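Working notes for the structure below.
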Amino acid sequence: MEIKGSAVKSIPDFIKKAHSERYMDWLEALPDSSRIIFQETILPSNWYSLKDAGIIPTQKLGEMFYNDAMQGAWQCGRFSAEIALTGIYKFFIKATSPFFIISKASKIFSTYYQPSNMEVADRGDDWVLLQISRFDEPHPVIENRIAGWIEKAMEIHGVASVKVDFTKSMTQGDKVTEIRVTWKYN
């Protein structure tokens with residue numbers, strides 16, 4: 001399974017911004033298969049091994065900087081959304097409905113992970129249930145990174161009390177991963 005370079009690039013960018021004094025410690029803690037990727041120029045349009053360029057480095061940053069791989073992944077996902085949704089995208093996000101943002105996020109998902117599929121399974125006025133039905137290498141670090149991205153995207157939109165949680169997970173043996181997103185209107 002592969003992850004897009006733009007998602008990979010956000011990992012060292014996040015560490016350099018939030019934990020710059022320990023960037024080299026993080027890099028040196030990676031196995032050779034991952035370290036090589038981050039010592040080279042990461043091309044946003046290229047595809048990289050999900051394990052070596054996504055799972056391992058994100059897990060390591062969580063362990064090193066948060067004493068919790070899942071919390072680190074969540075924070076890295078939030079940072080990735082913040083970077084991705086700037087400029088004209090930020091204006092666009094604020095001008096649309098929360099449901100539109102979530103439905104577009106589900107379509108964008110496959111442009112960051114391949115092969116993968118995410119779709120809106122159900123929705124209400126102030127909630128959406130997303131379902132990941134295809135993800136060949138499910139991992140809780142990646143699920144938490146995705147959830148953090150969604151949370152930050154909704155906050156950028158401007159809704160209040162955003163809550164993102166998992167109702168099912170392929171990492172727990174379920175056939176799909178379900179992500180429930182709820183919010184309140186300001």
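Labels used: A, B, ... for chains in the order of the structure tokens, numbers from 1 for residues in each chain, and numbers from 1 for ligands as shown.
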
Could you list, as a ChimeraX atom specification, every residue within 12 Å of Lys104 in chain A, counting only C-alpha atoms and ignoring same-chain residues fewer than 5 positions away?
/A:92-93,96-99,109-111,118-120,130,150,153-154

Limited to all heavy atoms, could you put the picked residues into a file as a tab-separated table (two decimals), in the first residue's frame?
```
chain	number	residue	atom	x	y	z
A	92	PHE	N	-12.56	28.75	0.67
A	92	PHE	CA	-13.53	27.82	0.10
A	92	PHE	C	-14.18	26.97	1.19
A	92	PHE	O	-15.39	26.77	1.20
A	92	PHE	CB	-12.82	26.92	-0.94
A	92	PHE	CG	-13.70	25.89	-1.54
A	92	PHE	CD1	-14.69	26.23	-2.45
A	92	PHE	CD2	-13.54	24.55	-1.20
A	92	PHE	CE1	-15.51	25.27	-3.00
A	92	PHE	CE2	-14.35	23.58	-1.75
A	92	PHE	CZ	-15.34	23.94	-2.66
A	93	ILE	N	-13.37	26.49	2.11
A	93	ILE	CA	-13.87	25.63	3.20
A	93	ILE	C	-14.88	26.39	4.05
A	93	ILE	O	-15.91	25.87	4.44
A	93	ILE	CB	-12.70	25.13	4.05
A	93	ILE	CG1	-11.94	24.15	3.22
A	93	ILE	CG2	-13.14	24.58	5.37
A	93	ILE	CD1	-11.39	22.97	3.88
A	96	THR	N	-18.55	26.81	2.49
A	96	THR	CA	-19.40	25.66	2.19
A	96	THR	C	-20.00	25.09	3.48
A	96	THR	O	-19.68	25.53	4.57
A	96	THR	CB	-18.58	24.57	1.47
A	96	THR	OG1	-17.52	24.15	2.33
A	96	THR	CG2	-18.01	25.08	0.16
A	97	SER	N	-20.83	24.08	3.32
A	97	SER	CA	-21.45	23.44	4.48
A	97	SER	C	-20.51	22.40	5.08
A	97	SER	O	-19.64	21.86	4.40
A	97	SER	CB	-22.75	22.76	4.05
A	97	SER	OG	-22.45	21.59	3.29
A	98	PRO	N	-20.71	22.08	6.37
A	98	PRO	CA	-19.90	21.04	6.99
A	98	PRO	C	-20.02	19.70	6.25
A	98	PRO	O	-19.04	19.00	6.07
A	98	PRO	CB	-20.46	20.93	8.41
A	98	PRO	CG	-21.09	22.23	8.67
A	98	PRO	CD	-21.61	22.72	7.34
A	99	PHE	N	-21.24	19.37	5.82
A	99	PHE	CA	-21.40	18.11	5.10
A	99	PHE	C	-20.60	18.11	3.80
A	99	PHE	O	-20.00	17.11	3.43
A	99	PHE	CB	-22.87	17.82	4.80
A	99	PHE	CG	-23.05	16.57	3.99
A	99	PHE	CD1	-22.85	15.33	4.57
A	99	PHE	CD2	-23.34	16.63	2.65
A	99	PHE	CE1	-22.96	14.18	3.83
A	99	PHE	CE2	-23.45	15.49	1.90
A	99	PHE	CZ	-23.27	14.24	2.49
A	109	PHE	N	-9.62	11.37	0.05
A	109	PHE	CA	-8.93	10.29	0.75
A	109	PHE	C	-8.11	9.40	-0.18
A	109	PHE	O	-6.96	9.11	0.08
A	109	PHE	CB	-9.98	9.47	1.52
A	109	PHE	CG	-9.43	8.32	2.29
A	109	PHE	CD1	-8.70	8.53	3.45
A	109	PHE	CD2	-9.65	7.02	1.88
A	109	PHE	CE1	-8.21	7.47	4.19
A	109	PHE	CE2	-9.16	5.95	2.60
A	109	PHE	CZ	-8.44	6.18	3.75
A	110	SER	N	-8.72	8.98	-1.29
A	110	SER	CA	-8.02	8.07	-2.20
A	110	SER	C	-6.89	8.75	-2.97
A	110	SER	O	-6.09	8.07	-3.60
A	110	SER	CB	-9.01	7.42	-3.17
A	110	SER	OG	-9.62	8.40	-3.98
A	111	THR	N	-6.81	10.07	-2.89
A	111	THR	CA	-5.68	10.74	-3.54
A	111	THR	C	-4.45	10.77	-2.61
A	111	THR	O	-3.37	11.14	-3.04
A	111	THR	CB	-6.03	12.19	-3.96
A	111	THR	OG1	-6.27	12.98	-2.80
A	111	THR	CG2	-7.22	12.21	-4.89
A	118	MET	N	-13.13	5.60	0.75
A	118	MET	CA	-13.90	6.14	1.88
A	118	MET	C	-15.14	6.80	1.29
A	118	MET	O	-15.06	7.49	0.28
A	118	MET	CB	-13.10	7.18	2.66
A	118	MET	CG	-13.87	7.77	3.84
A	118	MET	SD	-13.12	9.26	4.57
A	118	MET	CE	-11.71	8.59	5.37
A	119	GLU	N	-16.25	6.59	1.95
A	119	GLU	CA	-17.48	7.23	1.50
A	119	GLU	C	-18.35	7.60	2.69
A	119	GLU	O	-18.14	7.11	3.81
A	119	GLU	CB	-18.24	6.31	0.55
A	119	GLU	CG	-18.53	4.96	1.12
A	119	GLU	CD	-18.91	3.94	0.06
A	119	GLU	OE1	-18.47	4.05	-1.09
A	119	GLU	OE2	-19.65	3.01	0.42
A	120	VAL	N	-19.32	8.46	2.45
A	120	VAL	CA	-20.28	8.84	3.47
A	120	VAL	C	-21.31	7.72	3.54
A	120	VAL	O	-21.99	7.42	2.56
A	120	VAL	CB	-20.96	10.19	3.14
A	120	VAL	CG1	-22.06	10.50	4.15
A	120	VAL	CG2	-19.94	11.31	3.10
A	130	LEU	N	-18.57	8.30	8.25
A	130	LEU	CA	-17.71	7.94	7.13
A	130	LEU	C	-17.34	6.46	7.26
A	130	LEU	O	-17.16	5.95	8.37
A	130	LEU	CB	-16.43	8.77	7.15
A	130	LEU	CG	-16.61	10.27	6.95
A	130	LEU	CD1	-15.31	11.00	7.24
A	130	LEU	CD2	-17.07	10.55	5.53
A	150	ILE	N	-9.50	15.26	9.81
A	150	ILE	CA	-10.92	15.60	9.71
A	150	ILE	C	-11.31	16.61	10.79
A	150	ILE	O	-12.00	17.60	10.52
A	150	ILE	CB	-11.79	14.32	9.81
A	150	ILE	CG1	-11.58	13.45	8.57
A	150	ILE	CG2	-13.26	14.68	9.99
A	150	ILE	CD1	-12.14	12.05	8.69
A	153	ALA	N	-9.97	20.04	9.86
A	153	ALA	CA	-10.69	20.58	8.70
A	153	ALA	C	-12.04	21.16	9.12
A	153	ALA	O	-12.44	22.24	8.67
A	153	ALA	CB	-10.88	19.50	7.63
A	154	MET	N	-12.73	20.46	10.02
A	154	MET	CA	-14.02	20.96	10.50
A	154	MET	C	-13.84	22.22	11.36
A	154	MET	O	-14.65	23.13	11.28
A	154	MET	CB	-14.73	19.86	11.29
A	154	MET	CG	-15.12	18.67	10.43
A	154	MET	SD	-16.26	19.09	9.10
A	154	MET	CE	-17.75	19.33	10.05
```

As a PyMOL selection string, please: all residues of chain A that backbone DSSP puts in alpha helix (DSSP H).
chain A and resi 5-18+23-29+32-39+50+56-66+69-84+88-94+98-112+140-157

Among listed residues A:Gly148, A:Gly5, A:Gly62, A:Pro115, nearest Ile132 in chain A (using only C-alpha atoms):
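Residue with the minimum atom-to-atom distance to Ile132 in chain A: A:Pro115.
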
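What separates CA of Glu82 in chain A from CA of Trp149 in chain A is a distance of 8.1 Å.
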
Pick out the residues sitting within 10 Å of Trp183 in chain A, and hand them over as a PyMOL selection string; count only C-alpha atoms, and ignore anything fewer than 6 positions along from it in its own chain.
chain A and resi 98+125-128+151+154-155+158-164

Computed interatomic separation between CA of Gly124 in chain A and CA of Val181 in chain A (Å):
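Straight-line distance from CA of Gly124 in chain A to CA of Val181 in chain A works out to 10.3 Å.
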
Might you pull out every residue within 10 Å of range 54-56 of chain A, with only C-alpha atoms counted and same-chain residues fewer than 3 positions away left off, and present them as a PyMOL selection string?
chain A and resi 2-5+7-9+11+30-31+33-35+48-51+59-62+69+73+137-142+145

Would you please give, as a list in words, all residues of range 43-127 of chain A that DSSP assigns to strand (DSSP E) based on the backbone?
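Filtering range 43-127 of chain A down to strand (DSSP E) leaves Trp47, Tyr48, Ser49, Tyr113, Gln114, Ser116, Asn117, Met118, Glu119, Val120, Ala121, Asp122, Arg123 and Trp127 of chain A.
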
Can you tell me how far CA of Phe79 in chain A sits from CA of Tyr113 in chain A, in Å to one decimal?
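Spanning CA of Phe79 in chain A to CA of Tyr113 in chain A is a straight-line distance of 17.5 Å.
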
From the list A:Asn186, A:Ser116, A:Asn46, A:Ser80, which residue is nearest Pro12 in chain A when using only C-alpha atoms?
A:Ser80
